[in-house]
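Below is start_32.txt, holding compact mmCIF, C-alpha atoms.
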# COMPACT_ATOMS: atom_id res chain seq x y z
CA MET A 1 -73.68 44.08 73.84
CA ARG A 2 -75.13 41.22 71.85
CA SER A 3 -75.24 37.86 73.36
CA PRO A 4 -73.61 35.05 71.34
CA THR A 5 -75.87 32.92 69.22
CA ARG A 6 -75.84 29.23 69.99
CA ILE A 7 -75.24 26.98 66.99
CA PRO A 8 -77.22 23.83 67.24
CA SER A 9 -75.35 20.55 67.31
CA PRO A 10 -75.62 18.26 64.27
CA GLN A 11 -78.35 15.70 64.44
CA SER A 12 -77.44 12.09 64.30
CA SER A 13 -79.63 9.42 62.90
CA HIS A 14 -78.61 7.17 65.70
CA PRO A 15 -79.70 7.92 69.24
CA HIS A 16 -76.96 8.60 71.77
CA SER A 17 -77.14 6.56 74.93
CA GLY A 18 -76.17 9.51 77.11
CA SER A 19 -78.49 12.05 75.43
CA PRO A 20 -81.93 10.71 74.73
CA GLY A 21 -83.73 12.25 71.81
CA VAL A 22 -80.55 13.77 70.25
CA HIS A 23 -79.41 12.41 66.74
CA TYR A 24 -76.04 12.86 64.83
CA ARG A 25 -75.24 12.54 61.01
CA ASN A 26 -72.00 11.15 59.56
CA PRO A 27 -70.28 13.97 57.49
CA TYR A 28 -68.93 11.41 54.89
CA GLU A 29 -72.49 10.42 54.08
CA GLU A 30 -73.31 14.02 53.25
CA LEU A 31 -70.30 14.17 50.86
CA ALA A 32 -71.36 10.93 49.22
CA GLU A 33 -74.82 12.37 48.53
CA LEU A 34 -73.22 15.28 46.65
CA ALA A 35 -71.19 12.97 44.27
CA ASP A 36 -72.48 11.75 40.87
CA PRO A 37 -73.97 8.33 40.69
CA TYR A 38 -71.36 5.53 40.29
CA ASP A 39 -70.96 4.24 36.74
CA PRO A 40 -69.27 0.79 36.53
CA ASP A 41 -68.19 1.49 32.91
CA ASP A 42 -66.46 4.74 33.99
CA PRO A 43 -65.28 4.22 37.56
CA LEU A 44 -63.02 7.33 37.49
CA GLY A 45 -65.72 9.61 36.12
CA LEU A 46 -63.50 10.81 33.24
CA GLY A 47 -65.97 10.16 30.44
CA LEU A 48 -63.84 7.42 28.81
CA ARG A 49 -65.25 4.54 26.81
CA SER A 50 -63.84 1.11 26.22
CA ASP A 51 -62.85 -0.29 22.81
CA ASP A 52 -65.95 -2.46 22.87
CA ASP A 53 -68.13 0.63 23.03
CA ASP A 54 -66.30 2.11 20.04
CA ALA A 55 -66.83 -1.09 18.11
CA ASP A 56 -70.53 -0.92 18.96
CA LEU A 57 -70.59 2.56 17.49
CA GLY A 58 -68.98 1.29 14.24
CA GLY A 59 -65.64 3.04 15.03
CA ARG A 60 -67.32 6.46 14.98
CA ARG A 61 -67.27 8.38 18.27
CA ASP A 62 -69.28 11.33 17.03
CA LYS A 63 -72.37 9.27 16.21
CA PRO A 64 -74.39 7.18 18.67
CA ALA A 65 -74.93 3.57 18.01
CA ALA A 66 -78.07 2.83 16.02
CA SER A 67 -80.97 1.47 18.03
CA GLY A 68 -82.92 -1.52 17.11
CA SER A 69 -82.09 -5.11 16.41
CA GLY A 70 -78.73 -6.47 15.21
CA ASP A 71 -79.91 -6.50 11.57
CA ASP A 72 -80.76 -2.79 11.68
CA ARG A 73 -77.31 -1.77 13.02
CA GLU A 74 -74.64 -0.45 10.63
CA GLN A 75 -72.36 -3.30 9.53
CA TRP A 76 -68.52 -2.93 9.40
CA SER A 77 -66.91 -3.16 6.00
CA PRO A 78 -63.18 -3.27 5.01
CA PRO A 79 -61.54 -0.17 3.46
CA ASN A 80 -61.76 0.15 -0.30
CA HIS A 81 -58.16 -0.04 -1.61
CA ARG A 82 -59.30 0.08 -5.21
CA ARG A 83 -60.35 3.61 -4.68
CA SER A 84 -56.77 4.62 -3.62
CA SER A 85 -55.22 2.67 -6.52
CA ARG A 86 -57.59 4.42 -8.92
CA ARG A 87 -56.49 7.68 -7.37
CA ARG A 88 -52.80 6.81 -8.00
CA ARG A 89 -53.51 5.78 -11.58
CA GLY A 90 -55.26 9.00 -12.01
CA ARG A 91 -52.25 10.90 -10.79
CA PHE A 92 -49.93 8.99 -13.21
CA ARG A 93 -52.35 9.84 -16.08
CA ALA A 94 -51.88 13.45 -15.10
CA VAL A 95 -48.11 13.26 -15.91
CA PRO A 96 -47.44 14.72 -19.39
CA ARG A 97 -46.51 12.28 -22.14
CA THR A 98 -43.19 14.08 -22.72
CA ALA A 99 -42.15 13.48 -19.12
CA LYS A 100 -43.15 9.82 -19.43
CA ALA A 101 -41.04 9.47 -22.56
CA LEU A 102 -38.05 11.09 -20.89
CA ILE A 103 -38.34 8.76 -17.92
CA GLY A 104 -38.49 5.76 -20.22
CA LEU A 105 -35.46 6.92 -22.17
CA ALA A 106 -33.51 7.48 -18.96
CA VAL A 107 -34.29 3.98 -17.74
CA LEU A 108 -33.32 2.50 -21.12
CA ALA A 109 -30.05 4.48 -21.17
CA LEU A 110 -29.21 3.27 -17.68
CA LEU A 111 -29.77 -0.33 -18.71
CA LEU A 112 -27.56 0.13 -21.79
CA VAL A 113 -24.76 1.68 -19.70
CA LEU A 114 -24.91 -1.20 -17.23
CA ALA A 115 -24.78 -3.72 -20.05
CA ASP A 116 -21.81 -1.88 -21.62
CA ARG A 117 -19.86 -1.81 -18.35
CA CYS A 118 -20.55 -5.48 -17.69
CA ALA A 119 -19.21 -6.30 -21.15
CA VAL A 120 -16.06 -4.24 -20.46
CA MET A 121 -15.36 -6.05 -17.20
CA TYR A 122 -15.86 -9.44 -18.85
CA ALA A 123 -13.55 -8.54 -21.74
CA GLU A 124 -10.88 -7.23 -19.35
CA ARG A 125 -10.93 -10.45 -17.37
CA LYS A 126 -10.63 -12.58 -20.51
CA ALA A 127 -7.75 -10.41 -21.77
CA GLU A 128 -5.89 -10.81 -18.46
CA GLN A 129 -6.22 -14.59 -18.68
CA GLU A 130 -5.01 -14.68 -22.30
CA LEU A 131 -1.99 -12.43 -21.59
CA GLN A 132 -0.94 -14.51 -18.62
CA LYS A 133 -1.19 -17.66 -20.71
CA LYS A 134 0.54 -16.34 -23.83
CA LEU A 135 3.45 -14.63 -21.99
CA ASN A 136 3.90 -17.34 -19.33
CA LEU A 137 3.45 -14.84 -16.52
CA ALA A 138 3.46 -15.92 -12.89
CA THR A 139 0.93 -13.20 -11.99
CA ALA A 140 -2.09 -12.15 -14.01
CA PRO A 141 -1.76 -8.61 -15.43
CA ASN A 142 -4.21 -5.82 -14.85
CA VAL A 143 -6.02 -4.76 -18.05
CA THR A 144 -8.11 -1.58 -18.33
CA ILE A 145 -10.09 -0.89 -21.52
CA HIS A 146 -10.85 2.78 -22.18
CA GLY A 147 -13.47 4.40 -24.37
CA PHE A 148 -17.26 4.55 -24.26
CA PRO A 149 -19.35 2.90 -25.43
CA PHE A 150 -17.40 -0.34 -25.47
CA LEU A 151 -19.94 -2.38 -27.44
CA THR A 152 -19.66 -0.13 -30.49
CA GLN A 153 -15.86 -0.60 -30.41
CA VAL A 154 -16.36 -4.36 -30.31
CA LEU A 155 -18.72 -4.24 -33.26
CA GLY A 156 -16.18 -2.13 -35.18
CA LYS A 157 -13.30 -4.40 -34.02
CA ASP A 158 -11.26 -1.33 -33.14
CA LEU A 159 -10.37 -0.46 -29.55
CA GLN A 160 -9.23 3.08 -28.74
CA GLN A 161 -6.88 2.46 -25.80
CA VAL A 162 -5.97 -0.36 -23.42
CA ASP A 163 -3.73 0.04 -20.34
CA ILE A 164 -1.76 -2.99 -19.14
CA ALA A 165 0.13 -3.36 -15.85
CA VAL A 166 2.17 -6.52 -15.24
CA PRO A 167 3.84 -7.06 -11.83
CA ASP A 168 6.86 -9.27 -11.08
CA VAL A 169 8.21 -10.25 -14.50
CA ALA A 170 11.18 -12.63 -14.32
CA ALA A 171 14.25 -11.30 -16.17
CA ASP A 172 17.45 -13.33 -15.80
CA ARG A 173 18.82 -12.93 -12.24
CA VAL A 174 16.37 -10.23 -11.18
CA SER A 175 12.66 -9.54 -11.40
CA ILE A 176 11.13 -6.53 -13.04
CA ALA A 177 8.95 -5.02 -10.32
CA GLU A 178 6.44 -3.55 -12.75
CA VAL A 179 5.77 -3.21 -16.46
CA ARG A 180 3.23 -0.60 -17.56
CA ALA A 181 2.08 -0.15 -21.13
CA GLN A 182 -0.45 2.07 -22.87
CA VAL A 183 -1.62 0.48 -26.10
CA GLN A 184 -3.58 2.49 -28.69
CA ASP A 185 -5.35 1.77 -31.96
CA ILE A 186 -5.91 -1.98 -31.52
CA ARG A 187 -7.40 -3.87 -34.46
CA ILE A 188 -9.09 -7.07 -33.30
CA VAL A 189 -8.95 -10.30 -35.27
CA GLY A 190 -11.98 -12.45 -34.50
CA ASP A 191 -14.92 -11.62 -32.30
CA LEU A 192 -14.76 -10.55 -28.69
CA PRO A 193 -14.85 -12.28 -26.37
CA SER A 194 -15.78 -15.76 -27.60
CA SER A 195 -13.68 -16.19 -30.77
CA PHE A 196 -10.78 -13.79 -30.19
CA ARG A 197 -7.73 -14.89 -32.22
CA GLY A 198 -5.32 -11.97 -32.07
CA ALA A 199 -4.78 -8.24 -32.47
CA THR A 200 -2.59 -5.68 -34.20
CA VAL A 201 -1.38 -2.73 -32.11
CA GLY A 202 -0.84 0.62 -33.76
CA ARG A 203 1.21 2.33 -31.03
CA MET A 204 2.56 1.35 -27.65
CA LYS A 205 4.40 3.24 -24.92
CA GLY A 206 5.19 2.43 -21.32
CA ASP A 207 7.98 1.87 -18.82
CA VAL A 208 9.66 -0.82 -16.72
CA LEU A 209 10.99 -0.59 -13.15
CA LEU A 210 13.70 -2.65 -11.47
CA SER A 211 13.14 -1.70 -7.85
CA PHE A 212 16.07 -1.34 -5.45
CA GLU A 213 14.14 -3.45 -2.96
CA ASP A 214 14.12 -6.39 -5.37
CA LEU A 215 17.76 -5.86 -6.33
CA SER A 216 18.79 -5.88 -2.67
CA ARG A 217 16.87 -9.09 -2.04
CA GLU A 218 17.89 -11.00 -5.17
CA LEU A 219 21.47 -9.80 -5.67
CA GLY A 220 22.61 -8.77 -2.22
CA ALA A 221 21.07 -11.74 -0.38
CA SER A 222 19.72 -9.28 2.22
CA GLN A 223 23.28 -8.11 3.06
CA VAL A 224 23.73 -5.43 0.40
CA ARG A 225 21.48 -2.43 -0.19
CA PHE A 226 21.22 -0.53 -3.48
CA ARG A 227 20.32 3.14 -3.82
CA ALA A 228 20.45 5.88 -6.42
CA LEU A 229 23.77 7.64 -6.79
CA GLY A 230 23.12 9.74 -9.89
CA PRO A 231 21.10 9.80 -13.10
CA SER A 232 22.89 6.70 -14.39
CA SER A 233 24.66 5.22 -11.35
CA VAL A 234 23.73 3.01 -8.43
CA ARG A 235 25.55 2.70 -5.11
CA ALA A 236 25.80 -0.61 -3.24
CA ASP A 237 26.58 -0.76 0.48
CA GLY A 238 26.49 -3.74 2.81
CA LYS A 239 28.32 -6.54 4.55
CA LEU A 240 30.38 -9.40 3.17
CA PRO A 241 31.63 -12.40 5.19
CA VAL A 242 35.40 -12.87 4.84
CA ALA A 243 37.32 -15.48 6.90
CA ASP A 244 34.57 -15.61 9.54
CA ARG A 245 34.63 -11.84 9.81
CA GLN A 246 32.24 -9.21 8.45
CA VAL A 247 33.80 -6.57 6.24
CA SER A 248 31.99 -3.59 4.78
CA LEU A 249 31.34 -3.61 1.04
CA HIS A 250 31.04 -0.41 -1.03
CA ALA A 251 30.77 -0.19 -4.80
CA GLN A 252 29.29 1.75 -7.70
CA ALA A 253 27.34 0.26 -10.60
CA HIS A 254 26.92 2.21 -13.83
CA ILE A 255 23.79 1.50 -15.89
CA ARG A 256 24.01 1.09 -19.62
CA ARG A 257 21.73 -0.13 -22.40
CA GLN A 258 22.56 -3.45 -23.99
CA GLY A 259 21.23 -3.23 -27.49
CA ASP A 260 17.60 -2.15 -27.90
CA ARG A 261 16.15 -4.76 -25.61
CA GLY A 262 18.48 -5.12 -22.62
CA ILE A 263 20.02 -3.38 -19.61
CA SER A 264 23.34 -4.23 -17.92
CA THR A 265 25.64 -2.74 -15.28
CA SER A 266 29.39 -2.38 -14.81
CA VAL A 267 30.75 -2.31 -11.25
CA THR A 268 33.54 0.13 -10.43
CA ASP A 269 35.20 1.69 -7.38
CA MET A 270 34.73 -1.41 -5.24
CA ARG A 271 36.30 -1.54 -1.80
CA LEU A 272 36.12 -3.76 1.27
CA ASP A 273 36.61 -2.04 4.62
CA ILE A 274 37.99 -3.51 7.83
CA PRO A 275 36.13 -1.00 10.03
CA GLY A 276 38.41 1.68 11.48
CA ILE A 277 41.66 0.07 10.24
CA ALA A 278 42.14 -0.53 6.51
CA THR A 279 40.47 -0.74 3.12
CA TYR A 280 41.06 -3.44 0.53
CA ARG A 281 40.70 -2.47 -3.14
CA PRO A 282 40.63 -5.43 -5.50
CA GLY A 283 42.41 -5.12 -8.87
CA PRO A 284 42.47 -4.02 -11.57
CA GLU A 285 41.17 -0.83 -9.91
CA PRO A 286 43.67 2.01 -9.47
CA ARG A 287 45.91 1.30 -6.51
CA PRO A 288 44.64 -2.22 -5.76
CA GLY A 289 45.66 -3.60 -2.40
CA LEU A 290 45.27 -3.08 1.37
CA TYR A 291 45.61 0.49 2.62
CA LEU A 292 45.33 2.00 6.09
CA HIS A 293 42.61 4.51 6.98
CA LYS A 294 43.81 8.03 7.73
CA LYS A 295 42.72 7.78 11.36
CA ALA A 296 44.66 4.52 11.82
CA ALA A 297 47.77 6.04 10.15
CA LYS A 298 47.74 8.99 12.57
CA GLN A 299 47.44 6.64 15.55
CA ILE A 300 50.47 4.65 14.30
CA SER A 301 52.51 7.86 13.96
CA GLU A 302 51.76 8.58 17.63
CA ASP A 303 52.42 4.99 18.84
CA SER A 304 56.18 4.30 19.04
CA GLU A 305 55.77 0.49 19.21
CA LYS A 306 53.68 0.36 16.02
CA ALA A 307 56.02 2.81 14.25
CA LYS A 308 59.08 0.70 15.15
CA ALA A 309 57.28 -2.43 13.85
CA LEU A 310 56.89 -0.73 10.47
CA LEU A 311 60.45 0.61 10.30
CA SER A 312 61.86 -2.79 11.25
CA ILE A 313 60.83 -4.15 7.85
CA PRO A 314 63.20 -2.74 5.19
CA SER A 315 60.69 -2.97 2.33
CA VAL A 316 58.09 -1.01 4.31
CA ALA A 317 60.66 1.56 5.52
CA GLU A 318 61.77 2.05 1.93
CA LYS A 319 58.14 2.69 0.84
CA LEU A 320 57.86 5.23 3.63
CA GLY A 321 60.88 7.04 2.20
CA VAL A 322 63.10 6.28 5.21
CA PRO A 323 66.70 5.15 4.35
CA PRO A 324 67.80 1.89 6.02
CA ALA A 325 70.38 3.69 8.18
CA GLU A 326 67.87 6.16 9.57
CA ALA A 327 65.33 3.37 10.09
CA GLY A 328 67.87 1.36 12.09
CA GLN A 329 68.81 4.44 14.16
CA ALA A 330 65.11 5.16 14.91
CA LEU A 331 64.68 1.69 16.42
CA ASN A 332 67.12 2.64 19.24
CA ASP A 333 66.73 6.43 19.38
CA GLU A 334 63.42 7.92 20.48
CA ARG A 335 64.41 11.39 19.31
CA LYS A 336 65.15 10.07 15.83
CA LEU A 337 61.87 8.12 15.85
CA ASP A 338 59.92 11.23 16.81
CA GLU A 339 61.70 13.14 14.04
CA ILE A 340 60.62 10.59 11.44
CA THR A 341 57.04 10.04 12.63
CA GLY A 342 56.50 13.74 13.35
CA SER A 343 57.41 14.73 9.82
CA PRO A 344 54.42 16.05 7.78
CA ARG A 345 55.32 13.56 5.07
CA PHE A 346 55.07 10.45 7.29
CA VAL A 347 51.23 10.01 7.42
CA PRO A 348 50.64 10.62 3.66
CA ALA A 349 53.44 8.20 2.85
CA LEU A 350 51.97 5.61 5.21
CA LEU A 351 48.54 5.95 3.55
CA ALA A 352 50.14 5.08 0.18
CA VAL A 353 51.77 1.86 1.40
CA ASN A 354 50.15 -1.36 0.14
CA LEU A 355 50.20 -3.69 3.14
CA VAL A 356 49.07 -6.86 1.38
CA GLN A 357 52.50 -8.39 0.99
CA ALA A 358 53.74 -7.11 4.33
CA ALA A 359 50.72 -8.55 6.15
CA ASN A 360 51.16 -11.90 4.44
CA ASP A 361 54.94 -12.08 5.05
CA HIS A 362 54.85 -10.65 8.58
CA PRO A 363 51.70 -11.73 10.47
CA GLN A 364 53.03 -10.16 13.69
CA LEU A 365 53.20 -6.78 11.99
CA ALA A 366 49.59 -7.15 10.84
CA ARG A 367 48.43 -7.96 14.38
CA LYS A 368 50.27 -4.93 15.83
CA LEU A 369 48.51 -2.74 13.27
CA GLY A 370 45.14 -4.24 14.24
CA ILE A 371 44.73 -6.32 11.07
CA ASP A 372 43.75 -9.99 11.31
CA PRO A 373 46.30 -11.84 9.10
CA THR A 374 43.72 -14.45 8.03
CA VAL A 375 41.35 -11.69 6.87
CA ALA A 376 44.15 -9.94 4.99
CA ALA A 377 45.10 -13.19 3.27
CA ALA A 378 41.45 -13.94 2.37
CA LEU A 379 41.00 -10.45 0.91
CA ALA A 380 44.15 -10.84 -1.19
CA ARG A 381 42.80 -14.07 -2.67
CA MET A 382 39.54 -12.44 -3.78
CA LYS A 383 39.30 -11.85 -7.49
CA VAL A 384 37.37 -9.07 -9.14
CA PRO A 385 34.99 -11.35 -11.08
CA GLU A 386 33.94 -13.07 -7.85
CA LEU A 387 33.03 -9.75 -6.27
CA THR A 388 31.48 -8.02 -9.23
CA ASN A 389 29.35 -11.07 -10.00
CA LYS A 390 27.57 -10.47 -6.69
CA LEU A 391 26.53 -6.99 -7.78
CA GLU A 392 26.27 -6.98 -11.56
CA LEU A 393 22.91 -7.40 -13.20
CA SER A 394 21.51 -7.63 -16.68
CA PHE A 395 18.17 -8.47 -18.25
CA GLN A 396 16.57 -8.78 -21.64
CA LEU A 397 12.96 -8.29 -22.67
CA PRO A 398 11.12 -11.60 -23.21
CA GLU A 399 11.46 -13.10 -26.69
CA LYS A 400 7.68 -13.13 -27.09
CA ALA A 401 7.59 -9.34 -26.65
CA LYS A 402 8.84 -8.75 -30.18
CA GLY A 403 8.80 -5.24 -31.57
CA ILE A 404 9.24 -3.58 -28.17
CA ARG A 405 12.32 -1.41 -27.60
CA LEU A 406 13.98 0.11 -24.52
CA ALA A 407 14.83 3.81 -24.37
CA ASN A 408 15.75 6.55 -21.88
CA ILE A 409 17.29 4.31 -19.25
CA GLY A 410 17.90 6.10 -15.95
CA VAL A 411 17.93 5.84 -12.18
CA SER A 412 15.12 7.10 -9.94
CA PRO A 413 14.76 6.96 -6.14
CA GLU A 414 12.67 3.77 -6.52
CA GLY A 415 15.03 1.92 -8.84
CA ILE A 416 16.20 1.62 -12.45
CA ARG A 417 13.63 2.77 -15.00
CA ALA A 418 13.45 2.50 -18.77
CA ASP A 419 10.86 3.59 -21.31
CA LEU A 420 9.14 1.13 -23.64
CA THR A 421 8.20 1.97 -27.22
CA GLY A 422 6.72 -0.01 -30.06
CA ALA A 423 4.60 0.25 -33.21
CA GLY A 424 2.90 -2.22 -35.51
CA LEU A 425 2.98 -4.95 -32.88
CA LYS A 426 1.17 -8.23 -33.47
CA PHE A 427 -0.35 -10.46 -30.83
CA GLY A 428 -1.69 -13.94 -31.52
CA LYS A 429 -2.99 -14.86 -34.96
CA THR A 430 -3.51 -11.81 -37.11
CA ARG A 431 -4.74 -13.65 -40.25
Could you render the structure as C-alpha cells?
Amino acid sequence: MRSPTRIPSPQSSHPHSGSPGVHYRNPYEELAELADPYDPDDPLGLGLRSDDDDADLGGRRDKPAASGSGDDREQWSPPNHRRSSRRRRGRFRAVPRTAKALIGLAVLALLLVLADRCAVMYAERKAEQELQKKLNLATAPNVTIHGFPFLTQVLGKDLQQVDIAVPDVAADRVSIAEVRAQVQDIRIVGDLPSSFRGATVGRMKGDVLLSFEDLSRELGASQVRFRALGPSSVRADGKLPVADRQVSLHAQAHIRRQGDRGISTSVTDMRLDIPGIATYRPGPEPRPGLYLHKKAAKQISEDSEKAKALLSIPSVAEKLGVPPAEAGQALNDERKLDEITGSPRFVPALLAVNLVQAANDHPQLARKLGIDPTVAAALARMKVPELTNKLELSFQLPEKAKGIRLANIGVSPEGIRADLTGAGLKFGKTR
C-alpha cells in the first residue's frame, strides 16, 4: 500500500509570524498576472475604438492612420454631389426621346384639362348669379354645364347641355319646392363670361314639385297634413279650432291644370268630425248638415233616456218614421219604446237625420246626445268658401319664364308634380 504524497503548502511572499521561513502567495495576484495588460482606451477589452480614433483614421476603419506629421496625413474632403447629379442626368439622357415626348404631352394635356375645368366652374358661378338676378330668385340656382372640352364650346358660342336646379320658388300662396330643367342647344350672344348678353335655347324639358311638406306648412298652418290619394287627388287631414274646441278636418282636393302655365285644386268631400259623436258636412255637398256616427246611433238605440229625448221632438220623430201617436206612447211605455228602438230600421233612419236645426232649437237634446250646442251652432255658421279657402291652392309660372308650358300634372308620394316643356326660348338680349 502506497503512502499518501504530501502536497506542499503555497509559499507566501510575506513571512508568517508563527512559522518562520514559510511564505504564502495571494491567489488573486496570480490571476492578475494571467490577464492582458490594461488599456485605458479599451477598459473592457472588447477591441472598440472611440469616434476620435475613427476621425484620426479619416473615417476608414480598414486602413491605419498615416504616420508622419500633420501635413502628411490624409485630409478630409466633403462628398462630391456633382458626381451624383451627373449620374442622374446621365440616366435621364438614357430615356428614349419618344418617352420624353409622351411625358411632355401628358403634362400639357393635364394642364389643359385643369384650365378647362376651372373655366367651367367660373362660368357656372356667373350663370347662377345672372339667373338669380334676372328671375328675382330668393336662392341662387345650381347650374351644371355639360360637354368637354368647354373652351371649344365657348369659342363656338354653342353649349351642348346645361342643367338647372332652382329651389324654393315663390308661387302665389305656396312655394315650389324644386324646379329642374335640362336645357339643350344653347346659342350664346356675346362672349363668355365677361360680355355675356343673352342666349337662345333650342329645347328645354324639366319638372316642378310642390311638396306636401310645404303645402302642410303654408296652407294647413301646421294643423293639416296633405298626402297622395290617387294619381290626381290629394287628401287633407288635420285639426280645426271651432268654438274653443278641436274638430277633425277631412277633405279631398282634385288637381287640375289651369291653362298651359298654372295648376289649381278643387276641394270636395269635406267633413268636420266631432270625435266619436257626429260629422258635419258643409253645403253644397250632398246631404249637408250634422249627422251622428253609426256607433253613437247604436248607443242611443240602447239608451232609453236618449231615445225618449229624440222621440219627444215631433219633427225628429217624424224624420225617424215614427207617427206622433206611437212616439207619445213610447214615452210612457217601455215595451213600446223597445219595439221602436229595436226595429232594424231605427239606426239607419237615425243616421239620416240632420241634427243641425234640432241642436240649435233644443240645446238640451244636443247635450243629451253628447253634442256641445255652441260647437253645433258654430259649425252651422261655417260657409264652404271659408273652409275650402284654407285648403285650395293655385300657382302660375313666373311671367319672366315665357315660352315654358306645364304638362302631365300628377300626384306622387312627395307631392304634386308637373312636367316642363319649351322650345325656342330667349334669355336676355338676343340681338
Fewer than 2 positions away in the same chain doesn't count, so skip those; otherwise give me all residues within 7 Å of Ser248 in chain A, counting all atoms listed in the file, as a ChimeraX atom specification. /A:238-240,246,250,272-274
May I ask which of the residues A:Val267, A:Val120, A:Val179, A:Val234 is the closest one to Glu392 in chain A, counting only C-alpha atoms?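 Using only C-alpha atoms, Glu392 in chain A sits closest to A:Val267.
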All residues 7 Å or closer to Ser394 in chain A, all atoms listed in the file, same chain fewer than 3 positions away omitted, as a PDB file with C-alpha atoms, in the frame of the given file:
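Okay, part.pdb is ready:
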ATOM      1  CA  ILE A 263      20.020  -3.380 -19.610  1.00  0.00           C
ATOM      2  CA  SER A 264      23.340  -4.230 -17.920  1.00  0.00           C
ATOM      3  CA  THR A 265      25.640  -2.740 -15.280  1.00  0.00           C
TER       4      THR A 265
END
For Pro141 in chain A, please output as a list in words all residues within 12 Å (counting all atoms listed in the file; exclusion window: fewer than 3 positions along the same chain).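 Skipping anything fewer than 3 positions along the chain leaves Glu124, Arg125, Lys126, Ala127, Glu128, Gln129, Glu130, Leu131, Gln132, Lys133, Lys134, Leu135, Asn136, Leu137, Ala138, Thr144, Asp163, Ile164, Ala165, Val166, Pro167, Asp168, Val169, Glu178, Val179, Arg180 and Ala181 of chain A.
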From the options A:Leu215, A:Ala327, A:Leu114, A:Ala297, which residue's atoms come nearest to Ala349 in chain A, counting only C-alpha atoms? A:Ala297
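Take the candidates A:Leu229, A:Leu351, A:Val107, A:Ala307 and check each one against Lys336 in chain A using all atoms listed in the file; the shortest distance goes to A:Ala307.
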Which residue gives the smallest distance to Glu318 in chain A among A:Glu339, A:Val411, A:Leu151, A:Val353, with all atoms listed in the file counted? A:Val353
For a test of reading the model, state the distance in Å between CA of Leu249 in chain A and CA of Ser266 in chain A, rounded to one decimal.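 Atom-to-atom, CA of Leu249 in chain A to CA of Ser266 in chain A, that is 16.0 Å.
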Name the closest residue to Thr374 in chain A among the candidates A:Asp338, A:Asp244, A:Glu386, A:Glu302; distances are taken between atoms, counting all atoms listed in the file.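 Checking each of A:Asp338, A:Asp244, A:Glu386, A:Glu302 against Thr374 in chain A, counting all atoms listed in the file, the winner is A:Asp244.
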CA of Met204 in chain A to CA of Leu397 in chain A, distance in Å rounded to a single decimal: 15.0 Å
I want to know what sits within 9 Å of Pro398 in chain A, based on all atoms listed in the file, with residues of the same chain fewer than 4 positions away left out; could you give that as a PyMOL selection string? chain A and resi 135+170-171+261+402
Counting only C-alpha atoms, what is within 12 Å of Thr152 in chain A, bar same-chain residues fewer than 3 positions away, as number ranges by chain? A: 112, 116, 119-120, 147-149, 155-160, 192
For Thr421 in chain A, which of A:Glu213, A:Asp260, A:Asp303, A:Asp269 is the closest residue, counting only C-alpha atoms?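 Residue with the minimum atom-to-atom distance to Thr421 in chain A: A:Asp260.
The coordinates place CA of Leu379 in chain A at 25.7 Å from CA of Ser233 in chain A.
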Write out as AutoDock Vina command-line options an axis-aligned box for range 143-162 of chain A: all of its atoms listed in the file, 8 Å added on each side, centre and edge lengths in Å with one decimal.
--center_x -13.0 --center_y -0.1 --center_z -26.6 --size_x 30.0 --size_y 25.3 --size_z 33.1
